[in-house]
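K.L.:
Sending over a structure as structure tokens; questions will come in a sec.
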Amino acid sequence: MAETNLCAVLSCRALTKTHFELCLDAPAIANAAVPGQFVHIACGHSHLLRRPISICETKDGFLRLVFEIRGEGTEWLSRRKAGDVLDVLGPLGKGVFPLFPEDPRPVLLVGGGVGVPPLLSVARARPAHVVLGYRNEAAMILYRDFLASSDTVMIATDDGSVGTHGTVADPVSRLLEQNDYCAVLACGPKPMLRAVADLAKGKNIPCFVSMEERMGCGVGACLVCVCKTKHGDHEHNSRVCMDGPVFSADQVVWE
Ligand SMILES: Cc1cc2nc3c(=O)[nH]c(=O)nc-3n(C[C@H](O)[C@H](O)[C@H](O)COP(=O)(O)OP(=O)(O)OC[C@H]3O[C@@H](n4cnc5c(N)ncnc54)[C@H](O)[C@@H]3O)c2cc1C
Ligand code: FES
């Protein structure tokens with residue numbers, strides 16, 4: 001069960017003007033975490049809720065997180081220094097990325113923006129081809145890390161400064177045409193997830209998406225994070241924090 005941990009900051013450094021990498025000494029979380037899970041970090045002053053951040057990587061009891069400054073909470077987080085102590089709840093999430101250990105075929109990983117970090121631990125764990133979507137060249141977080149893990153890494157940028165000009169849809173379609181994948185695993189903005197899910201469905205390939213919703217408690221109690229999912233003919237409210245964040249794309253009701 002996830003518990004609150006007081007974790008020392010080992011380092012906090014800027015990767016771009018707005019993206020930061022935070023390394024924490026967090027053995028209890030790091031040793032229990034699986035790809036797709038996240039942590040819920042108390043950010044600063046008491047009026048702020050915790051903020052959910054995906055686990056990017058774990059190693060030797062350390063936790064690596066990569067985040068973008070969006071508002072007050074992540075701005076506060078970006079100013080942490082080595083030696084500071086953070087109140088971290090985790091690892092959270094029961095719906096995680098399936099790794100298909102018995103299947104020798106690669107998975108296709110598709111990440112967009114701050115949806116890129118949680119896919120790195122999958123790329124490290126099994127054969128994978130990777131498509132990463134960014135705003136522009138300056139926002140290309142973790143590109144080199146993926147290159148070190150996979151021999152196929154394709155980039156799409158909104159402004160065309162690197163790779164395909166536009167969304168990830170083009171490179172994803174091309175790779176789906178050319179290769180036999182056991183599954184597509186995706187994390188990023190909802191329109192991107194929906195487009196990727198449609199492309200995978202067109203090829204009859206299982207697709208799993210990590211959903212992002214605003215969160216309150218992070219542990220299933222407040223229902224702030226609900227998204228609609230299908231179970232047979234029925235629709236019901238699933239909690240992204242407890243039932244996800246990763247869902248089979250077939251189950252998601254795209255609103
Ligand atoms: C499971 C999960 C994993 C995540 N992993 C990462 C990660 O690895 N790296 C990363 O940079 N970000 C991640 N996020 C998003 C991150 O939690 C938000 O950017 C952060 O909570 C914003 O807090 P803030 O106080 O800085 O901004 P706020 O002032 O709270 O909000 C600033 C803006 O961001 C929007 N926003 C806030 N929270 C969310 C959210 N959960 N989903 C969508 N929009 C939001 C608000 O509507 C507002 O427009 C994740 C979110 C979830 C649910
Ligand atoms: S954040 Fe409270 S139920 Fe998910």
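Please note that chains go A, B, ... in the order of the structure tokens, that every chain numbers its residues from 1, and that ligands are numbered from 1 in the order shown.
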Could you give me the residues within region 77-150 of chain A that DSSP places in strand (DSSP E), as a ChimeraX atom specification?

P.N.:
/A:85-92,107-112,128-134

K.L.:
Could I get the residue neighbourhood of ligand 1 at 6 Å, counting only C-alpha atoms and all ligand atoms, as a PDB file with all heavy atoms, in the first residue's frame?

P.N.:
ATOM      1  N   PHE A  38       2.700   6.726 -10.474  1.00  0.00           N
ATOM      2  CA  PHE A  38       3.064   8.122 -10.217  1.00  0.00           C
ATOM      3  C   PHE A  38       3.203   8.364  -8.729  1.00  0.00           C
ATOM      4  O   PHE A  38       2.863   7.489  -7.916  1.00  0.00           O
ATOM      5  CB  PHE A  38       2.024   9.075 -10.839  1.00  0.00           C
ATOM      6  CG  PHE A  38       0.649   8.992 -10.222  1.00  0.00           C
ATOM      7  CD1 PHE A  38       0.241   9.916  -9.279  1.00  0.00           C
ATOM      8  CD2 PHE A  38      -0.246   7.980 -10.584  1.00  0.00           C
ATOM      9  CE1 PHE A  38      -1.032   9.850  -8.699  1.00  0.00           C
ATOM     10  CE2 PHE A  38      -1.513   7.909 -10.015  1.00  0.00           C
ATOM     11  CZ  PHE A  38      -1.904   8.838  -9.078  1.00  0.00           C
ATOM     12  N   ARG A  51       0.622  17.407  -5.845  1.00  0.00           N
ATOM     13  CA  ARG A  51       0.658  17.418  -7.310  1.00  0.00           C
ATOM     14  C   ARG A  51       1.124  16.055  -7.818  1.00  0.00           C
ATOM     15  O   ARG A  51       2.133  15.522  -7.341  1.00  0.00           O
ATOM     16  CB  ARG A  51       1.641  18.492  -7.814  1.00  0.00           C
ATOM     17  CG  ARG A  51       1.206  19.912  -7.458  1.00  0.00           C
ATOM     18  CD  ARG A  51      -0.083  20.271  -8.159  1.00  0.00           C
ATOM     19  NE  ARG A  51      -0.478  21.661  -7.980  1.00  0.00           N
ATOM     20  CZ  ARG A  51      -1.440  22.084  -7.177  1.00  0.00           C
ATOM     21  NH1 ARG A  51      -2.109  21.224  -6.438  1.00  0.00           N
ATOM     22  NH2 ARG A  51      -1.748  23.359  -7.122  1.00  0.00           N
ATOM     23  N   PRO A  52       0.381  15.454  -8.788  1.00  0.00           N
ATOM     24  CA  PRO A  52       0.779  14.142  -9.319  1.00  0.00           C
ATOM     25  C   PRO A  52       1.887  14.285 -10.367  1.00  0.00           C
ATOM     26  O   PRO A  52       1.766  15.084 -11.295  1.00  0.00           O
ATOM     27  CB  PRO A  52      -0.507  13.619  -9.967  1.00  0.00           C
ATOM     28  CG  PRO A  52      -1.309  14.831 -10.306  1.00  0.00           C
ATOM     29  CD  PRO A  52      -0.887  15.944  -9.383  1.00  0.00           C
ATOM     30  N   ILE A  53       2.943  13.506 -10.226  1.00  0.00           N
ATOM     31  CA  ILE A  53       4.027  13.472 -11.208  1.00  0.00           C
ATOM     32  C   ILE A  53       4.377  12.007 -11.472  1.00  0.00           C
ATOM     33  O   ILE A  53       4.560  11.220 -10.539  1.00  0.00           O
ATOM     34  CB  ILE A  53       5.297  14.214 -10.690  1.00  0.00           C
ATOM     35  CG1 ILE A  53       4.993  15.685 -10.338  1.00  0.00           C
ATOM     36  CG2 ILE A  53       6.435  14.129 -11.712  1.00  0.00           C
ATOM     37  CD1 ILE A  53       4.687  16.599 -11.516  1.00  0.00           C
ATOM     38  N   SER A  54       4.487  11.656 -12.754  1.00  0.00           N
ATOM     39  CA  SER A  54       4.790  10.267 -13.131  1.00  0.00           C
ATOM     40  C   SER A  54       6.192   9.881 -12.693  1.00  0.00           C
ATOM     41  O   SER A  54       7.103  10.711 -12.699  1.00  0.00           O
ATOM     42  CB  SER A  54       4.745  10.100 -14.643  1.00  0.00           C
ATOM     43  OG  SER A  54       3.519  10.512 -15.132  1.00  0.00           O
ATOM     44  N   VAL A  66      10.498  13.980 -14.007  1.00  0.00           N
ATOM     45  CA  VAL A  66      10.725  15.091 -14.942  1.00  0.00           C
ATOM     46  C   VAL A  66       9.401  15.822 -15.092  1.00  0.00           C
ATOM     47  O   VAL A  66       8.372  15.198 -15.391  1.00  0.00           O
ATOM     48  CB  VAL A  66      11.227  14.575 -16.309  1.00  0.00           C
ATOM     49  CG1 VAL A  66      11.282  15.704 -17.331  1.00  0.00           C
ATOM     50  CG2 VAL A  66      12.614  13.946 -16.148  1.00  0.00           C
ATOM     51  N   PHE A  67       9.427  17.131 -14.854  1.00  0.00           N
ATOM     52  CA  PHE A  67       8.162  17.869 -14.899  1.00  0.00           C
ATOM     53  C   PHE A  67       8.340  19.234 -15.546  1.00  0.00           C
ATOM     54  O   PHE A  67       9.448  19.751 -15.652  1.00  0.00           O
ATOM     55  CB  PHE A  67       7.567  18.026 -13.485  1.00  0.00           C
ATOM     56  CG  PHE A  67       8.431  18.848 -12.563  1.00  0.00           C
ATOM     57  CD1 PHE A  67       8.235  20.208 -12.432  1.00  0.00           C
ATOM     58  CD2 PHE A  67       9.453  18.252 -11.850  1.00  0.00           C
ATOM     59  CE1 PHE A  67       9.038  20.968 -11.597  1.00  0.00           C
ATOM     60  CE2 PHE A  67      10.269  18.993 -11.015  1.00  0.00           C
ATOM     61  CZ  PHE A  67      10.063  20.354 -10.882  1.00  0.00           C
ATOM     62  N   GLU A  68       7.202  19.788 -15.942  1.00  0.00           N
ATOM     63  CA  GLU A  68       7.177  21.127 -16.540  1.00  0.00           C
ATOM     64  C   GLU A  68       6.497  22.085 -15.570  1.00  0.00           C
ATOM     65  O   GLU A  68       5.516  21.719 -14.916  1.00  0.00           O
ATOM     66  CB  GLU A  68       6.380  21.099 -17.850  1.00  0.00           C
ATOM     67  CG  GLU A  68       6.317  22.435 -18.531  1.00  0.00           C
ATOM     68  CD  GLU A  68       5.617  22.364 -19.888  1.00  0.00           C
ATOM     69  OE1 GLU A  68       4.678  21.563 -20.034  1.00  0.00           O
ATOM     70  OE2 GLU A  68       6.021  23.101 -20.782  1.00  0.00           O
ATOM     71  N   ILE A  69       6.986  23.310 -15.508  1.00  0.00           N
ATOM     72  CA  ILE A  69       6.320  24.314 -14.676  1.00  0.00           C
ATOM     73  C   ILE A  69       5.012  24.717 -15.360  1.00  0.00           C
ATOM     74  O   ILE A  69       5.009  25.174 -16.502  1.00  0.00           O
ATOM     75  CB  ILE A  69       7.194  25.567 -14.482  1.00  0.00           C
ATOM     76  CG1 ILE A  69       8.464  25.211 -13.707  1.00  0.00           C
ATOM     77  CG2 ILE A  69       6.410  26.654 -13.751  1.00  0.00           C
ATOM     78  CD1 ILE A  69       9.386  26.390 -13.455  1.00  0.00           C
ATOM     79  N   ARG A  70       3.911  24.482 -14.649  1.00  0.00           N
ATOM     80  CA  ARG A  70       2.586  24.844 -15.176  1.00  0.00           C
ATOM     81  C   ARG A  70       1.954  25.939 -14.324  1.00  0.00           C
ATOM     82  O   ARG A  70       1.234  26.782 -14.815  1.00  0.00           O
ATOM     83  CB  ARG A  70       1.651  23.631 -15.138  1.00  0.00           C
ATOM     84  CG  ARG A  70       1.941  22.580 -16.168  1.00  0.00           C
ATOM     85  CD  ARG A  70       1.195  22.873 -17.484  1.00  0.00           C
ATOM     86  NE  ARG A  70       1.598  21.955 -18.529  1.00  0.00           N
ATOM     87  CZ  ARG A  70       1.085  20.749 -18.704  1.00  0.00           C
ATOM     88  NH1 ARG A  70       0.143  20.309 -17.910  1.00  0.00           N
ATOM     89  NH2 ARG A  70       1.518  19.982 -19.688  1.00  0.00           N
ATOM     90  N   GLY A  71       2.156  25.867 -13.017  1.00  0.00           N
ATOM     91  CA  GLY A  71       1.521  26.811 -12.097  1.00  0.00           C
ATOM     92  C   GLY A  71       2.307  26.853 -10.805  1.00  0.00           C
ATOM     93  O   GLY A  71       3.495  26.513 -10.762  1.00  0.00           O
ATOM     94  N   GLU A  72       1.602  27.215  -9.729  1.00  0.00           N
ATOM     95  CA  GLU A  72       2.265  27.475  -8.453  1.00  0.00           C
ATOM     96  C   GLU A  72       3.000  26.250  -7.885  1.00  0.00           C
ATOM     97  O   GLU A  72       4.113  26.347  -7.393  1.00  0.00           O
ATOM     98  CB  GLU A  72       1.189  27.936  -7.459  1.00  0.00           C
ATOM     99  CG  GLU A  72       1.724  28.819  -6.360  1.00  0.00           C
ATOM    100  CD  GLU A  72       0.617  29.242  -5.389  1.00  0.00           C
ATOM    101  OE1 GLU A  72      -0.565  29.192  -5.788  1.00  0.00           O
ATOM    102  OE2 GLU A  72       0.938  29.589  -4.256  1.00  0.00           O
ATOM    103  N   GLY A  73       2.324  25.079  -7.967  1.00  0.00           N
ATOM    104  CA  GLY A  73       2.907  23.876  -7.362  1.00  0.00           C
ATOM    105  C   GLY A  73       4.194  23.446  -8.049  1.00  0.00           C
ATOM    106  O   GLY A  73       5.225  23.216  -7.391  1.00  0.00           O
ATOM    107  N   THR A  74       4.162  23.343  -9.360  1.00  0.00           N
ATOM    108  CA  THR A  74       5.364  22.890 -10.079  1.00  0.00           C
ATOM    109  C   THR A  74       6.457  23.969 -10.068  1.00  0.00           C
ATOM    110  O   THR A  74       7.643  23.650 -10.106  1.00  0.00           O
ATOM    111  CB  THR A  74       5.011  22.482 -11.525  1.00  0.00           C
ATOM    112  OG1 THR A  74       4.118  23.449 -12.089  1.00  0.00           O
ATOM    113  CG2 THR A  74       4.350  21.118 -11.568  1.00  0.00           C
ATOM    114  N   GLU A  75       6.055  25.234  -9.965  1.00  0.00           N
ATOM    115  CA  GLU A  75       7.063  26.299  -9.858  1.00  0.00           C
ATOM    116  C   GLU A  75       7.809  26.143  -8.518  1.00  0.00           C
ATOM    117  O   GLU A  75       9.029  26.234  -8.460  1.00  0.00           O
ATOM    118  CB  GLU A  75       6.361  27.661  -9.970  1.00  0.00           C
ATOM    119  CG  GLU A  75       7.295  28.832 -10.271  1.00  0.00           C
ATOM    120  CD  GLU A  75       7.994  29.355  -9.023  1.00  0.00           C
ATOM    121  OE1 GLU A  75       7.398  29.298  -7.944  1.00  0.00           O
ATOM    122  OE2 GLU A  75       9.155  29.798  -9.130  1.00  0.00           O
ATOM    123  N   VAL A 114       4.732  16.418 -21.562  1.00  0.00           N
ATOM    124  CA  VAL A 114       5.064  15.831 -20.253  1.00  0.00           C
ATOM    125  C   VAL A 114       4.503  14.421 -20.108  1.00  0.00           C
ATOM    126  O   VAL A 114       4.604  13.811 -19.041  1.00  0.00           O
ATOM    127  CB  VAL A 114       4.625  16.720 -19.073  1.00  0.00           C
ATOM    128  CG1 VAL A 114       5.466  17.980 -19.021  1.00  0.00           C
ATOM    129  CG2 VAL A 114       3.147  17.019 -19.109  1.00  0.00           C
ATOM    130  N   PRO A 117       7.881  11.337 -19.976  1.00  0.00           N
ATOM    131  CA  PRO A 117       8.662  10.700 -18.901  1.00  0.00           C
ATOM    132  C   PRO A 117       8.245   9.283 -18.487  1.00  0.00           C
ATOM    133  O   PRO A 117       9.112   8.411 -18.349  1.00  0.00           O
ATOM    134  CB  PRO A 117       8.540  11.687 -17.726  1.00  0.00           C
ATOM    135  CG  PRO A 117       8.340  13.018 -18.381  1.00  0.00           C
ATOM    136  CD  PRO A 117       7.529  12.738 -19.626  1.00  0.00           C
ATOM    137  N   GLU A 212      -4.660  11.748 -18.070  1.00  0.00           N
ATOM    138  CA  GLU A 212      -4.273  12.810 -17.142  1.00  0.00           C
ATOM    139  C   GLU A 212      -5.491  13.603 -16.742  1.00  0.00           C
ATOM    140  O   GLU A 212      -6.159  14.177 -17.599  1.00  0.00           O
ATOM    141  CB  GLU A 212      -3.253  13.722 -17.822  1.00  0.00           C
ATOM    142  CG  GLU A 212      -2.245  14.266 -16.823  1.00  0.00           C
ATOM    143  CD  GLU A 212      -1.410  15.388 -17.382  1.00  0.00           C
ATOM    144  OE1 GLU A 212      -1.864  16.537 -17.356  1.00  0.00           O
ATOM    145  OE2 GLU A 212      -0.301  15.093 -17.846  1.00  0.00           O
ATOM    146  N   GLU A 213      -5.819  13.598 -15.467  1.00  0.00           N
ATOM    147  CA  GLU A 213      -6.913  14.420 -14.957  1.00  0.00           C
ATOM    148  C   GLU A 213      -6.396  15.166 -13.743  1.00  0.00           C
ATOM    149  O   GLU A 213      -5.449  14.724 -13.101  1.00  0.00           O
ATOM    150  CB  GLU A 213      -8.107  13.534 -14.525  1.00  0.00           C
ATOM    151  CG  GLU A 213      -8.799  12.785 -15.638  1.00  0.00           C
ATOM    152  CD  GLU A 213      -9.564  13.674 -16.610  1.00  0.00           C
ATOM    153  OE1 GLU A 213      -9.840  14.846 -16.263  1.00  0.00           O
ATOM    154  OE2 GLU A 213      -9.871  13.206 -17.724  1.00  0.00           O
ATOM    155  N   ARG A 214      -7.026  16.266 -13.424  1.00  0.00           N
ATOM    156  CA  ARG A 214      -6.688  16.971 -12.179  1.00  0.00           C
ATOM    157  C   ARG A 214      -6.948  16.020 -11.020  1.00  0.00           C
ATOM    158  O   ARG A 214      -7.851  15.196 -11.080  1.00  0.00           O
ATOM    159  CB  ARG A 214      -7.557  18.210 -12.020  1.00  0.00           C
ATOM    160  CG  ARG A 214      -7.274  19.235 -13.083  1.00  0.00           C
ATOM    161  CD  ARG A 214      -7.305  20.627 -12.548  1.00  0.00           C
ATOM    162  NE  ARG A 214      -6.193  20.846 -11.649  1.00  0.00           N
ATOM    163  CZ  ARG A 214      -5.630  22.026 -11.422  1.00  0.00           C
ATOM    164  NH1 ARG A 214      -6.090  23.088 -11.992  1.00  0.00           N
ATOM    165  NH2 ARG A 214      -4.621  22.147 -10.590  1.00  0.00           N
ATOM    166  N   MET A 215      -6.153  16.129  -9.970  1.00  0.00           N
ATOM    167  CA  MET A 215      -6.316  15.213  -8.839  1.00  0.00           C
ATOM    168  C   MET A 215      -6.444  15.952  -7.523  1.00  0.00           C
ATOM    169  O   MET A 215      -5.938  17.061  -7.376  1.00  0.00           O
ATOM    170  CB  MET A 215      -5.127  14.266  -8.771  1.00  0.00           C
ATOM    171  CG  MET A 215      -5.195  13.224  -9.843  1.00  0.00           C
ATOM    172  SD  MET A 215      -4.042  11.903  -9.600  1.00  0.00           S
ATOM    173  CE  MET A 215      -4.423  10.950 -11.069  1.00  0.00           C
ATOM    174  N   PRO A 245      -3.474   5.214 -13.608  1.00  0.00           N
ATOM    175  CA  PRO A 245      -3.791   6.114 -14.713  1.00  0.00           C
ATOM    176  C   PRO A 245      -3.828   5.448 -16.086  1.00  0.00           C
ATOM    177  O   PRO A 245      -4.327   6.024 -17.032  1.00  0.00           O
ATOM    178  CB  PRO A 245      -2.669   7.168 -14.668  1.00  0.00           C
ATOM    179  CG  PRO A 245      -1.509   6.463 -14.037  1.00  0.00           C
ATOM    180  CD  PRO A 245      -2.109   5.488 -13.063  1.00  0.00           C
TER     181      PRO A 245
END

K.L.:
Step by step, measure atom-to-atom distances between ligand 2 and each residue using only C-alpha atoms and all ligand atoms, keep those at most 7 Å, then write them as JSON, numbers by chain.

P.N.:
{"A": [215, 216, 217, 218, 219, 220, 221, 222, 223, 224, 225, 226, 239, 240, 241, 242]}

K.L.:
Please produce an output containing C-alpha atoms for each residue in the selection, written as a PDB file, in the first residue's frame.

P.N.:
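Written out: out.pdb:
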ATOM      1  CA  MET A 215      -6.316  15.213  -8.839  1.00  0.00           C
ATOM      2  CA  GLY A 216      -7.230  15.792  -5.225  1.00  0.00           C
ATOM      3  CA  CYS A 217      -6.466  12.964  -2.832  1.00  0.00           C
ATOM      4  CA  GLY A 218      -4.650  10.640  -5.272  1.00  0.00           C
ATOM      5  CA  VAL A 219      -5.914   7.563  -3.416  1.00  0.00           C
ATOM      6  CA  GLY A 220      -9.483   7.024  -4.617  1.00  0.00           C
ATOM      7  CA  ALA A 221     -11.440   8.979  -2.005  1.00  0.00           C
ATOM      8  CA  CYS A 222     -12.430  12.371  -3.466  1.00  0.00           C
ATOM      9  CA  LEU A 223     -13.578  11.525  -7.046  1.00  0.00           C
ATOM     10  CA  VAL A 224     -11.938  14.684  -8.464  1.00  0.00           C
ATOM     11  CA  CYS A 225     -10.129  12.583 -11.075  1.00  0.00           C
ATOM     12  CA  VAL A 226     -12.984  10.546 -12.583  1.00  0.00           C
ATOM     13  CA  ARG A 239     -10.880   7.035 -10.872  1.00  0.00           C
ATOM     14  CA  VAL A 240      -7.711   7.870 -12.766  1.00  0.00           C
ATOM     15  CA  CYS A 241      -5.671   7.745  -9.532  1.00  0.00           C
ATOM     16  CA  MET A 242      -6.837   4.287  -8.404  1.00  0.00           C
TER      17      MET A 242
END

K.L.:
Provide the CA of Gln37 (chain A) to CA of Ser210 (chain A) distance in Å, to one decimal place.

P.N.:
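Computed distance, CA of Gln37 (chain A) to CA of Ser210 (chain A), equals 9.6 Å.
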
K.L.:
Would you list the contacts of Gly61 (chain A) as an NGL selection string, taking every protein, DNA or RNA residue within 12 Å and counting only C-alpha atoms, but skipping same-chain residues closer than 3 positions in sequence?

P.N.:
:A and (7-8 or 10 or 23-33 or 57-58 or 64)

K.L.:
With distances taken over only C-alpha atoms, which of A:Ser173, A:Ser238, A:Thr157, A:Ser78 is nearest to Val196 (chain A)?

P.N.:
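The closest residue to Val196 (chain A) is A:Ser173.
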
K.L.:
Identify, on the basis of only C-alpha atoms, every residue whose closest approach to Pro171 (chain A) does not exceed 10 Å; exclude the query and any residue fewer than 5 positions from it along the same chain; express the result as a PyMOL selection string.

P.N.:
chain A and resi 110+130-133+153-156+163-164+166+176-177

K.L.:
From the list A:Leu89, A:Ala125, A:Lys203, A:Leu77, which residue is nearest Pro101 (chain A) when using only C-alpha atoms?

P.N.:
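Checking each of A:Leu89, A:Ala125, A:Lys203, A:Leu77 against Pro101 (chain A), counting only C-alpha atoms, the winner is A:Ala125.
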
K.L.:
Which residue is closest to Lys59 (chain A)? Choose from A:Val39, A:Lys201, A:Ser121, A:Tyr134 and count only C-alpha atoms.

P.N.:
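The closest residue to Lys59 (chain A) is A:Ser121.
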
K.L.:
Identify all residues of region 45-114 of chain A in helix (DSSP H, G or I) (DSSP on the backbone) and supply them as a list in words.

P.N.:
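Reading the DSSP output for region 45-114 of chain A, helix (DSSP H, G or I) covers Glu72, Gly73, Thr74, Glu75, Trp76, Leu77, Ser78, Gly113 and Val114 of chain A.
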
K.L.:
Could you pull the residues within 10 Å of Asn179 (chain A), counting only C-alpha atoms, minus those fewer than 2 positions along the same chain, as a ChimeraX atom specification?

P.N.:
/A:105-108,129,174-177,181-182

K.L.:
Considering only C-alpha atoms, state which residue in the set A:Ala123, A:Leu92, A:Met211, A:Val162 is at the smallest distance from Glu137 (chain A).

P.N.:
A:Val162

K.L.:
What does the distance from CA of Arg135 (chain A) to CA of His19 (chain A) come to in Å, to one decimal?

P.N.:
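Separating CA of Arg135 (chain A) from CA of His19 (chain A) is a distance of 12.5 Å.
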